[in-house]
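One file, final-v7.pdb, carrying PDB, C-alpha atoms (C1' of nucleotides):
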ATOM      1  CA  MET A   1      -9.640 -34.398  35.849
ATOM      2  CA  LYS A   2     -12.038 -36.281  38.083
ATOM      3  CA  PRO A   3     -14.046 -34.720  40.883
ATOM      4  CA  GLU A   4     -12.280 -36.737  43.561
ATOM      5  CA  ASP A   5      -8.942 -35.473  42.305
ATOM      6  CA  LEU A   6     -10.225 -31.965  42.558
ATOM      7  CA  ARG A   7     -11.513 -32.424  46.044
ATOM      8  CA  ALA A   8      -8.097 -33.733  47.014
ATOM      9  CA  LEU A   9      -6.900 -30.182  46.616
ATOM     10  CA  THR A  10      -8.433 -29.224  49.911
ATOM     11  CA  GLU A  11      -6.150 -31.719  51.594
ATOM     12  CA  VAL A  12      -2.962 -30.413  50.058
ATOM     13  CA  ASP A  13      -0.039 -30.117  52.464
ATOM     14  CA  ARG A  14      -0.067 -26.489  53.586
ATOM     15  CA  VAL A  15       3.405 -26.665  55.004
ATOM     16  CA  ILE A  16       4.789 -27.352  51.540
ATOM     17  CA  HIS A  17       2.181 -25.443  49.582
ATOM     18  CA  GLU A  18       3.322 -22.061  50.865
ATOM     19  CA  PRO A  19       5.388 -20.637  47.985
ATOM     20  CA  ALA A  20       8.365 -19.574  50.079
ATOM     21  CA  ARG A  21       8.609 -23.027  51.628
ATOM     22  CA  LEU A  22       8.026 -24.796  48.340
ATOM     23  CA  LEU A  23      10.972 -22.821  47.076
ATOM     24  CA  ILE A  24      13.146 -23.813  50.022
ATOM     25  CA  VAL A  25      12.169 -27.451  49.812
ATOM     26  CA  ALA A  26      12.748 -27.572  46.074
ATOM     27  CA  LEU A  27      16.197 -26.078  46.593
ATOM     28  CA  LEU A  28      17.075 -28.564  49.301
ATOM     29  CA  ALA A  29      15.706 -31.454  47.258
ATOM     30  CA  ALA A  30      18.076 -30.466  44.484
ATOM     31  CA  VAL A  31      21.263 -30.090  46.500
ATOM     32  CA  LYS A  32      20.883 -32.483  49.428
ATOM     33  CA  GLU A  33      22.534 -30.042  51.816
ATOM     34  CA  ALA A  34      22.881 -26.275  51.931
ATOM     35  CA  ASP A  35      23.674 -23.534  54.388
ATOM     36  CA  PHE A  36      21.466 -20.655  55.468
ATOM     37  CA  VAL A  37      23.262 -18.057  53.399
ATOM     38  CA  TYR A  38      23.118 -20.134  50.242
ATOM     39  CA  VAL A  39      19.378 -20.583  50.546
ATOM     40  CA  LEU A  40      19.079 -16.917  51.449
ATOM     41  CA  ARG A  41      20.783 -15.857  48.205
ATOM     42  CA  GLU A  42      19.064 -18.397  45.976
ATOM     43  CA  SER A  43      15.606 -17.720  47.319
ATOM     44  CA  GLY A  44      15.723 -13.953  47.528
ATOM     45  CA  LEU A  45      13.842 -14.114  50.822
ATOM     46  CA  THR A  46      14.704 -11.832  53.699
ATOM     47  CA  LYS A  47      16.631 -13.344  56.596
ATOM     48  CA  GLY A  48      13.709 -13.102  58.984
ATOM     49  CA  ASN A  49      11.376 -14.658  56.524
ATOM     50  CA  LEU A  50      13.751 -17.486  55.762
ATOM     51  CA  SER A  51      14.393 -18.069  59.450
ATOM     52  CA  SER A  52      10.732 -18.437  60.312
ATOM     53  CA  HIS A  53       9.973 -20.670  57.339
ATOM     54  CA  LEU A  54      12.861 -22.904  58.315
ATOM     55  CA  ALA A  55      11.440 -23.071  61.824
ATOM     56  CA  LYS A  56       8.120 -24.250  60.395
ATOM     57  CA  LEU A  57       9.779 -26.849  58.223
ATOM     58  CA  GLU A  58      11.839 -28.079  61.140
ATOM     59  CA  GLU A  59       8.790 -28.237  63.374
ATOM     60  CA  ALA A  60       7.085 -30.354  60.710
ATOM     61  CA  ARG A  61      10.180 -32.585  60.680
ATOM     62  CA  TYR A  62      10.689 -31.887  57.001
ATOM     63  CA  ILE A  63      14.200 -30.522  57.428
ATOM     64  CA  GLU A  64      17.085 -30.921  59.830
ATOM     65  CA  VAL A  65      19.008 -27.902  61.006
ATOM     66  CA  GLU A  66      22.574 -28.304  62.147
ATOM     67  CA  LYS A  67      24.253 -25.331  63.757
ATOM     68  CA  THR A  68      28.005 -25.395  63.528
ATOM     69  CA  TYR A  69      30.898 -23.109  62.590
ATOM     70  CA  ARG A  70      32.975 -22.393  59.550
ATOM     71  CA  GLY A  71      36.062 -21.247  61.385
ATOM     72  CA  LYS A  72      34.750 -18.672  63.832
ATOM     73  CA  ILE A  73      31.724 -17.815  61.761
ATOM     74  CA  PRO A  74      28.366 -19.417  62.494
ATOM     75  CA  LEU A  75      27.186 -21.856  59.880
ATOM     76  CA  THR A  76      23.682 -23.264  59.715
ATOM     77  CA  LEU A  77      23.366 -26.402  57.635
ATOM     78  CA  LEU A  78      20.017 -27.473  56.227
ATOM     79  CA  ARG A  79      18.943 -30.726  54.768
ATOM     80  CA  LEU A  80      15.704 -32.487  53.930
ATOM     81  CA  THR A  81      14.663 -35.417  56.096
ATOM     82  CA  ALA A  82      13.250 -38.585  54.568
ATOM     83  CA  ALA A  83       9.809 -37.365  55.638
ATOM     84  CA  GLY A  84      10.445 -34.026  53.943
ATOM     85  CA  ARG A  85      11.486 -35.707  50.734
ATOM     86  CA  GLU A  86       8.395 -37.901  50.811
ATOM     87  CA  ALA A  87       6.115 -34.973  51.524
ATOM     88  CA  PHE A  88       7.616 -33.062  48.618
ATOM     89  CA  GLU A  89       7.233 -36.044  46.323
ATOM     90  CA  GLY A  90       3.630 -36.457  47.375
ATOM     91  CA  TYR A  91       2.921 -32.800  46.848
ATOM     92  CA  ARG A  92       4.583 -32.814  43.462
ATOM     93  CA  LYS A  93       2.631 -35.802  42.281
ATOM     94  CA  ARG A  94      -0.671 -34.470  43.491
ATOM     95  CA  MET A  95      -0.178 -31.048  41.945
ATOM     96  CA  ASN A  96       1.208 -32.446  38.730
ATOM     97  CA  GLY A  97      -1.767 -34.721  38.383
ATOM     98  CA  LEU A  98      -4.161 -31.898  39.018
ATOM     99  CA  LEU A  99      -2.543 -29.361  36.768
ATOM    100  CA  ARG A 100      -1.510 -31.569  33.920
ATOM    101  CA  GLN A 101      -3.020 -30.292  30.692
TER     102      GLN A 101
ATOM    103  CA  MET B   1      15.094 -26.646  37.324
ATOM    104  CA  LYS B   2      16.932 -23.330  37.097
ATOM    105  CA  PRO B   3      17.317 -20.864  39.954
ATOM    106  CA  GLU B   4      15.305 -18.207  38.195
ATOM    107  CA  ASP B   5      12.446 -20.642  37.789
ATOM    108  CA  LEU B   6      12.588 -21.341  41.476
ATOM    109  CA  ARG B   7      12.618 -17.716  42.424
ATOM    110  CA  ALA B   8       9.549 -17.249  40.255
ATOM    111  CA  LEU B   9       7.692 -19.183  42.913
ATOM    112  CA  THR B  10       7.641 -16.170  45.163
ATOM    113  CA  GLU B  11       5.627 -14.361  42.515
ATOM    114  CA  VAL B  12       3.001 -17.041  42.133
ATOM    115  CA  ASP B  13      -0.553 -15.751  41.926
ATOM    116  CA  ARG B  14      -1.868 -16.011  45.482
ATOM    117  CA  VAL B  15      -5.447 -15.571  44.417
ATOM    118  CA  ILE B  16      -5.258 -18.794  42.441
ATOM    119  CA  HIS B  17      -2.711 -20.561  44.619
ATOM    120  CA  GLU B  18      -5.075 -20.898  47.566
ATOM    121  CA  PRO B  19      -6.274 -24.528  47.390
ATOM    122  CA  ALA B  20      -9.969 -23.788  47.790
ATOM    123  CA  ARG B  21      -9.842 -21.235  44.977
ATOM    124  CA  LEU B  22      -7.673 -23.425  42.791
ATOM    125  CA  LEU B  23     -10.379 -26.011  43.183
ATOM    126  CA  ILE B  24     -13.120 -23.560  42.250
ATOM    127  CA  VAL B  25     -11.221 -22.233  39.272
ATOM    128  CA  ALA B  26     -10.373 -25.716  38.044
ATOM    129  CA  LEU B  27     -14.040 -26.630  38.279
ATOM    130  CA  LEU B  28     -15.140 -23.548  36.399
ATOM    131  CA  ALA B  29     -12.440 -24.040  33.777
ATOM    132  CA  ALA B  30     -13.831 -27.491  33.140
ATOM    133  CA  VAL B  31     -17.497 -26.618  32.845
ATOM    134  CA  LYS B  32     -17.577 -23.030  31.563
ATOM    135  CA  GLU B  33     -20.557 -22.160  33.735
ATOM    136  CA  ALA B  34     -21.884 -23.471  37.030
ATOM    137  CA  ASP B  35     -24.186 -22.415  39.829
ATOM    138  CA  PHE B  36     -23.336 -21.876  43.473
ATOM    139  CA  VAL B  37     -24.908 -25.102  44.664
ATOM    140  CA  TYR B  38     -23.117 -27.199  42.071
ATOM    141  CA  VAL B  39     -19.741 -25.821  43.073
ATOM    142  CA  LEU B  40     -20.723 -26.215  46.698
ATOM    143  CA  ARG B  41     -21.400 -29.920  46.243
ATOM    144  CA  GLU B  42     -18.402 -30.604  44.020
ATOM    145  CA  SER B  43     -15.947 -28.770  46.209
ATOM    146  CA  GLY B  44     -17.121 -29.931  49.599
ATOM    147  CA  LEU B  45     -16.558 -26.419  50.929
ATOM    148  CA  THR B  46     -18.938 -24.840  53.398
ATOM    149  CA  LYS B  47     -21.302 -22.203  52.062
ATOM    150  CA  GLY B  48     -19.597 -19.407  53.935
ATOM    151  CA  ASN B  49     -16.210 -20.456  52.765
ATOM    152  CA  LEU B  50     -17.350 -20.755  49.168
ATOM    153  CA  SER B  51     -19.074 -17.407  49.325
ATOM    154  CA  SER B  52     -15.999 -15.568  50.532
ATOM    155  CA  HIS B  53     -13.690 -17.261  48.055
ATOM    156  CA  LEU B  54     -16.059 -16.349  45.250
ATOM    157  CA  ALA B  55     -15.977 -12.763  46.488
ATOM    158  CA  LYS B  56     -12.192 -12.797  46.256
ATOM    159  CA  LEU B  57     -12.219 -14.266  42.778
ATOM    160  CA  GLU B  58     -14.783 -11.720  41.652
ATOM    161  CA  GLU B  59     -12.798  -8.886  43.165
ATOM    162  CA  ALA B  60      -9.777 -10.111  41.198
ATOM    163  CA  ARG B  61     -11.976 -10.125  38.075
ATOM    164  CA  TYR B  62     -11.289 -13.825  37.596
ATOM    165  CA  ILE B  63     -14.934 -14.816  37.688
ATOM    166  CA  GLU B  64     -18.278 -13.253  36.881
ATOM    167  CA  VAL B  65     -21.191 -13.737  39.209
ATOM    168  CA  GLU B  66     -24.696 -13.472  37.844
ATOM    169  CA  LYS B  67     -27.542 -13.456  40.315
ATOM    170  CA  THR B  68     -30.815 -14.560  38.869
ATOM    171  CA  TYR B  69     -33.700 -16.903  39.642
ATOM    172  CA  ARG B  70     -34.678 -20.431  38.777
ATOM    173  CA  GLY B  71     -38.397 -19.936  39.160
ATOM    174  CA  LYS B  72     -38.753 -18.269  42.514
ATOM    175  CA  ILE B  73     -35.546 -19.695  43.884
ATOM    176  CA  PRO B  74     -32.339 -17.669  43.855
ATOM    177  CA  LEU B  75     -29.715 -18.892  41.439
ATOM    178  CA  THR B  76     -26.148 -17.687  41.395
ATOM    179  CA  LEU B  77     -24.313 -18.397  38.172
ATOM    180  CA  LEU B  78     -20.535 -18.455  38.051
ATOM    181  CA  ARG B  79     -18.201 -18.338  35.147
ATOM    182  CA  LEU B  80     -14.538 -17.669  34.516
ATOM    183  CA  THR B  81     -13.619 -14.421  32.789
ATOM    184  CA  ALA B  82     -10.978 -14.324  30.072
ATOM    185  CA  ALA B  83      -8.596 -12.915  32.668
ATOM    186  CA  GLY B  84      -9.427 -15.763  35.006
ATOM    187  CA  ARG B  85      -8.772 -18.327  32.332
ATOM    188  CA  GLU B  86      -5.461 -16.700  31.496
ATOM    189  CA  ALA B  87      -4.434 -16.510  35.134
ATOM    190  CA  PHE B  88      -5.244 -20.169  35.585
ATOM    191  CA  GLU B  89      -3.292 -21.089  32.470
ATOM    192  CA  GLY B  90      -0.329 -19.076  33.659
ATOM    193  CA  TYR B  91      -0.474 -20.643  37.068
ATOM    194  CA  ARG B  92      -0.753 -24.119  35.628
ATOM    195  CA  LYS B  93       2.203 -23.639  33.350
ATOM    196  CA  ARG B  94       4.384 -22.156  36.046
ATOM    197  CA  MET B  95       3.616 -24.857  38.565
ATOM    198  CA  ASN B  96       3.885 -27.635  36.015
ATOM    199  CA  GLY B  97       7.259 -26.384  34.956
ATOM    200  CA  LEU B  98       8.451 -26.133  38.519
ATOM    201  CA  LEU B  99       7.158 -29.466  39.695
ATOM    202  CA  ARG B 100       7.829 -31.533  36.645
ATOM    203  CA  GLN B 101      10.044 -34.379  37.748
TER     204      GLN B 101
ATOM    205  C1'  DC C   1     -49.572 -19.201  61.431
ATOM    206  C1'  DA C   2     -45.202 -21.457  62.297
ATOM    207  C1'  DT C   3     -41.708 -24.476  61.335
ATOM    208  C1'  DA C   4     -38.239 -26.084  58.289
ATOM    209  C1'  DC C   5     -35.606 -25.573  54.210
ATOM    210  C1'  DT C   6     -32.944 -23.180  50.379
ATOM    211  C1'  DG C   7     -29.467 -20.170  49.013
ATOM    212  C1'  DG C   8     -26.627 -17.667  50.284
ATOM    213  C1'  DT C   9     -23.721 -13.424  53.351
ATOM    214  C1'  DT C  10     -21.582 -11.539  57.469
ATOM    215  C1'  DT C  11     -19.013 -11.956  61.638
ATOM    216  C1'  DG C  12     -15.444 -13.480  64.831
ATOM    217  C1'  DC C  13     -11.502 -15.835  65.618
ATOM    218  C1'  DA C  14      -7.325 -18.162  65.135
ATOM    219  C1'  DG C  15      -3.326 -18.766  62.415
ATOM    220  C1'  DT C  16       0.281 -17.022  59.297
ATOM    221  C1'  DA C  17       3.418 -14.525  56.226
ATOM    222  C1'  DC C  18       6.203 -10.778  56.194
ATOM    223  C1'  DA C  19       9.674  -7.192  57.164
ATOM    224  C1'  DA C  20      11.597  -4.287  60.615
ATOM    225  C1'  DA C  21      13.953  -4.299  64.597
ATOM    226  C1'  DC C  22      16.984  -6.556  67.210
ATOM    227  C1'  DC C  23      21.068  -9.414  68.913
ATOM    228  C1'  DA C  24      25.558 -12.014  69.490
ATOM    229  C1'  DG C  25      29.748 -12.435  67.731
ATOM    230  C1'  DT C  26      33.647 -11.065  64.318
ATOM    231  C1'  DT C  27      36.441  -8.210  61.429
ATOM    232  C1'  DG C  28      38.644  -3.919  60.083
ATOM    233  C1'  DG C  29      40.322   0.925  60.760
ATOM    234  C1'  DC C  30      42.918   3.835  63.568
TER     235       DC C  30
ATOM    236  C1'  DG D   1      42.575  -1.314  72.732
ATOM    237  C1'  DC D   2      38.375   0.759  71.047
ATOM    238  C1'  DC D   3      34.621   1.586  68.137
ATOM    239  C1'  DA D   4      32.093   1.109  63.908
ATOM    240  C1'  DA D   5      30.494  -1.869  60.477
ATOM    241  C1'  DC D   6      29.513  -6.407  58.958
ATOM    242  C1'  DT D   7      27.929 -11.447  59.267
ATOM    243  C1'  DG D   8      24.567 -14.645  60.442
ATOM    244  C1'  DG D   9      20.918 -15.135  62.035
ATOM    245  C1'  DT D  10      16.178 -14.675  65.649
ATOM    246  C1'  DT D  11      12.287 -12.246  67.700
ATOM    247  C1'  DT D  12       8.535  -9.049  67.486
ATOM    248  C1'  DG D  13       4.575  -6.522  65.675
ATOM    249  C1'  DT D  14       1.292  -6.036  62.285
ATOM    250  C1'  DA D  15      -1.771  -6.767  58.752
ATOM    251  C1'  DC D  16      -4.006 -10.158  56.214
ATOM    252  C1'  DT D  17      -6.661 -14.346  55.356
ATOM    253  C1'  DG D  18      -8.957 -18.790  55.630
ATOM    254  C1'  DC D  19     -12.513 -20.868  58.017
ATOM    255  C1'  DA D  20     -16.918 -22.167  60.154
ATOM    256  C1'  DA D  21     -20.608 -20.598  62.981
ATOM    257  C1'  DA D  22     -24.122 -17.564  63.157
ATOM    258  C1'  DC D  23     -27.145 -15.097  60.730
ATOM    259  C1'  DC D  24     -30.649 -13.515  57.140
ATOM    260  C1'  DA D  25     -34.213 -13.171  53.380
ATOM    261  C1'  DG D  26     -37.276 -15.608  51.000
ATOM    262  C1'  DT D  27     -39.987 -20.068  49.898
ATOM    263  C1'  DA D  28     -42.341 -24.345  50.607
ATOM    264  C1'  DT D  29     -44.840 -27.301  53.881
ATOM    265  C1'  DG D  30     -48.059 -28.829  57.571
TER     266       DG D  30
END
So that I can check it, write out the structure of this file as structure tokens.
Amino acid sequence: MKPEDLRALTEVDRVIHEPARLLIVALLAAVKEADFVYVLRESGLTKGNLSSHLAKLEEARYIEVEKTYRGKIPLTLLRLTAAGREAFEGYRKRMNGLLRQ
Amino acid sequence: MKPEDLRALTEVDRVIHEPARLLIVALLAAVKEADFVYVLRESGLTKGNLSSHLAKLEEARYIEVEKTYRGKIPLTLLRLTAAGREAFEGYRKRMNGLLRQ
DNA sequence: CATACTGGTTTGCAGTACAAACCAGTTGGC
DNA sequence: GCCAACTGGTTTGTACTGCAAACCAGTATG
């Protein structure tokens, strides 16, 4: 582990680094598309918490949020953008490199 | 990547997860012992920032801080405790598992 | 003596994660 | 039809935390 790799830590993407969001992004990376309730159940987050983290991810253009209906019931669909996928990949690689062995 | 592994993210050790501290801990894990100024230079952190992160790590019993002198000049020695080393190992393994491919 | 430097610590502020409270709309019981 | 409870979220309030600027004690230098 070289010094410059270590120093790179200070530049890690905070939007993704936050555990709750890392969780969300990892989930979305795995399934391509999911609805609010699915992510809610899988993550174990509270609704409020999930809602605000999604807002942050959307603001960062890492996810897209589509509000629609399943019958008469509201349905919020979530999916990673290309930028989100890239950011996650970058984060993964950086952290993997740093933490390997 | 199984759901339960994902959910484990929410329990990640925040003391270590913080990038600046991850950097410090990784440095100390590599060298066994270091002084304040060395870590300061290697990390690129400001003195104040480093000082407060060290306080947090000490409070968590992850590092030991020994204040002594090199001649007449103050010298602050830093080293990981066994608990700190374990915590880092645990963190590394968890994150590696989660981010692997 | 005073000015500058070393090796830090403390302070103030701005940003953030979190859950509790809230809200709009729907379903179910009577 | 009416009201209570539920679904699917959002907004609000608070407590914490990372950060750098300001500060401080002591030492070396002119």
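Taken over the shown file, the PyMOL selection byres ((chain A) within 10 of (chain C)) identifies Glu18, Ala20, Leu45, Thr46, Lys47, Gly48, Asn49, Ser52, His53, Lys72, Ile73 and Pro74 of chain A.
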Pull out every residue that the PyMOL selection byres ((chain A and resi 22-39) around 8) matches in the shown coordinates and put them as a PyMOL selection string.
-> (chain A and resi 16-21+40-43+75-80+84-85+88) or (chain B and resi 6-7+9-10) or (chain D and resi 8)
Could the residues in this selection be written to a file with C-alpha atoms (C1' of nucleotides), as a PDB file, in the coordinates of the input?
ATOM      1  CA  ILE A  16       4.789 -27.352  51.540  1.00  0.00           C
ATOM      2  CA  HIS A  17       2.181 -25.443  49.582  1.00  0.00           C
ATOM      3  CA  GLU A  18       3.322 -22.061  50.865  1.00  0.00           C
ATOM      4  CA  PRO A  19       5.388 -20.637  47.985  1.00  0.00           C
ATOM      5  CA  ALA A  20       8.365 -19.574  50.079  1.00  0.00           C
ATOM      6  CA  ARG A  21       8.609 -23.027  51.628  1.00  0.00           C
ATOM      7  CA  LEU A  40      19.079 -16.917  51.449  1.00  0.00           C
ATOM      8  CA  ARG A  41      20.783 -15.857  48.205  1.00  0.00           C
ATOM      9  CA  GLU A  42      19.064 -18.397  45.976  1.00  0.00           C
ATOM     10  CA  SER A  43      15.606 -17.720  47.319  1.00  0.00           C
ATOM     11  CA  LEU A  75      27.186 -21.856  59.880  1.00  0.00           C
ATOM     12  CA  THR A  76      23.682 -23.264  59.715  1.00  0.00           C
ATOM     13  CA  LEU A  77      23.366 -26.402  57.635  1.00  0.00           C
ATOM     14  CA  LEU A  78      20.017 -27.473  56.227  1.00  0.00           C
ATOM     15  CA  ARG A  79      18.943 -30.726  54.768  1.00  0.00           C
ATOM     16  CA  LEU A  80      15.704 -32.487  53.930  1.00  0.00           C
ATOM     17  CA  GLY A  84      10.445 -34.026  53.943  1.00  0.00           C
ATOM     18  CA  ARG A  85      11.486 -35.707  50.734  1.00  0.00           C
ATOM     19  CA  PHE A  88       7.616 -33.062  48.618  1.00  0.00           C
TER      20      PHE A  88
ATOM     21  CA  LEU B   6      12.588 -21.341  41.476  1.00  0.00           C
ATOM     22  CA  ARG B   7      12.618 -17.716  42.424  1.00  0.00           C
ATOM     23  CA  LEU B   9       7.692 -19.183  42.913  1.00  0.00           C
ATOM     24  CA  THR B  10       7.641 -16.170  45.163  1.00  0.00           C
TER      25      THR B  10
ATOM     26  C1'  DG D   8      24.567 -14.645  60.442  1.00  0.00           C
TER      27       DG D   8
END
As lines of an AutoDock Vina configuration file: centre and edge lengths in Å, one decimal, of the axis-aligned box holding range 19-26 of chain B with 3 Å per side:
center_x = -9.7
center_y = -23.6
center_z = 42.9
size_x = 12.8
size_y = 10.8
size_z = 15.7
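Comparing the minimum interatomic distances between chain A and each of D:DT10, D:DC23, D:DC16, D:DA28, counting all atoms listed in the file, we find that D:DT10 sits nearest.
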Picked residues, the PyMOL selection byres ((chain D) within 9 of (chain B)), expected as a ChimeraX atom specification | /D:18-20,26-27
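CA of Asp13 in chain A is positioned 16.0 Å from CA of Thr81 in chain A.
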Can you tell me how far C1' of DG13 in chain D sits from CA of Glu59 in chain A, in Å to one decimal?
-> 22.2 Å
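Reported to one decimal place, the separation of CA of Leu99 in chain A from CA of Ala83 in chain A is 23.9 Å.
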Could you write range 36-49 of chain A as an mmCIF file, in the coordinates of the input, with N, CA and C atoms rebuilt where they are missing?
data_model
loop_
_atom_site.group_PDB
_atom_site.id
_atom_site.type_symbol
_atom_site.label_atom_id
_atom_site.label_comp_id
_atom_site.auth_asym_id
_atom_site.auth_seq_id
_atom_site.Cartn_x
_atom_site.Cartn_y
_atom_site.Cartn_z
ATOM 1 N N PHE A 36 22.431 -21.745 55.376
ATOM 2 C CA PHE A 36 21.466 -20.655 55.468
ATOM 3 C C PHE A 36 21.710 -19.590 54.399
ATOM 4 N N VAL A 37 22.942 -19.163 54.307
ATOM 5 C CA VAL A 37 23.262 -18.057 53.399
ATOM 6 C C VAL A 37 23.036 -18.438 51.937
ATOM 7 N N TYR A 38 23.348 -19.681 51.608
ATOM 8 C CA TYR A 38 23.118 -20.134 50.242
ATOM 9 C C TYR A 38 21.633 -20.058 49.896
ATOM 10 N N VAL A 39 20.824 -20.606 50.776
ATOM 11 C CA VAL A 39 19.378 -20.583 50.546
ATOM 12 C C VAL A 39 18.864 -19.149 50.533
ATOM 13 N N LEU A 40 19.439 -18.336 51.402
ATOM 14 C CA LEU A 40 19.079 -16.917 51.449
ATOM 15 C C LEU A 40 19.283 -16.261 50.087
ATOM 16 N N ARG A 41 20.460 -16.461 49.506
ATOM 17 C CA ARG A 41 20.783 -15.857 48.205
ATOM 18 C C ARG A 41 19.909 -16.437 47.089
ATOM 19 N N GLU A 42 19.807 -17.737 47.048
ATOM 20 C CA GLU A 42 19.064 -18.397 45.976
ATOM 21 C C GLU A 42 17.578 -18.049 45.991
ATOM 22 N N SER A 43 17.054 -17.911 47.207
ATOM 23 C CA SER A 43 15.606 -17.720 47.319
ATOM 24 C C SER A 43 15.200 -16.261 47.162
ATOM 25 N N GLY A 44 16.095 -15.360 47.567
ATOM 26 C CA GLY A 44 15.723 -13.953 47.528
ATOM 27 C C GLY A 44 14.837 -13.547 48.694
ATOM 28 N N LEU A 45 14.627 -14.454 49.626
ATOM 29 C CA LEU A 45 13.842 -14.114 50.822
ATOM 30 C C LEU A 45 14.658 -13.216 51.749
ATOM 31 N N THR A 46 13.973 -12.559 52.667
ATOM 32 C CA THR A 46 14.704 -11.832 53.699
ATOM 33 C C THR A 46 15.162 -12.842 54.756
ATOM 34 N N LYS A 47 16.109 -12.433 55.581
ATOM 35 C CA LYS A 47 16.631 -13.344 56.596
ATOM 36 C C LYS A 47 15.533 -13.779 57.573
ATOM 37 N N GLY A 48 14.766 -12.809 58.020
ATOM 38 C CA GLY A 48 13.709 -13.102 58.984
ATOM 39 C C GLY A 48 12.697 -14.085 58.426
ATOM 40 N N ASN A 49 12.322 -13.805 57.217
ATOM 41 C CA ASN A 49 11.376 -14.658 56.524
ATOM 42 C C ASN A 49 11.919 -16.074 56.386
#
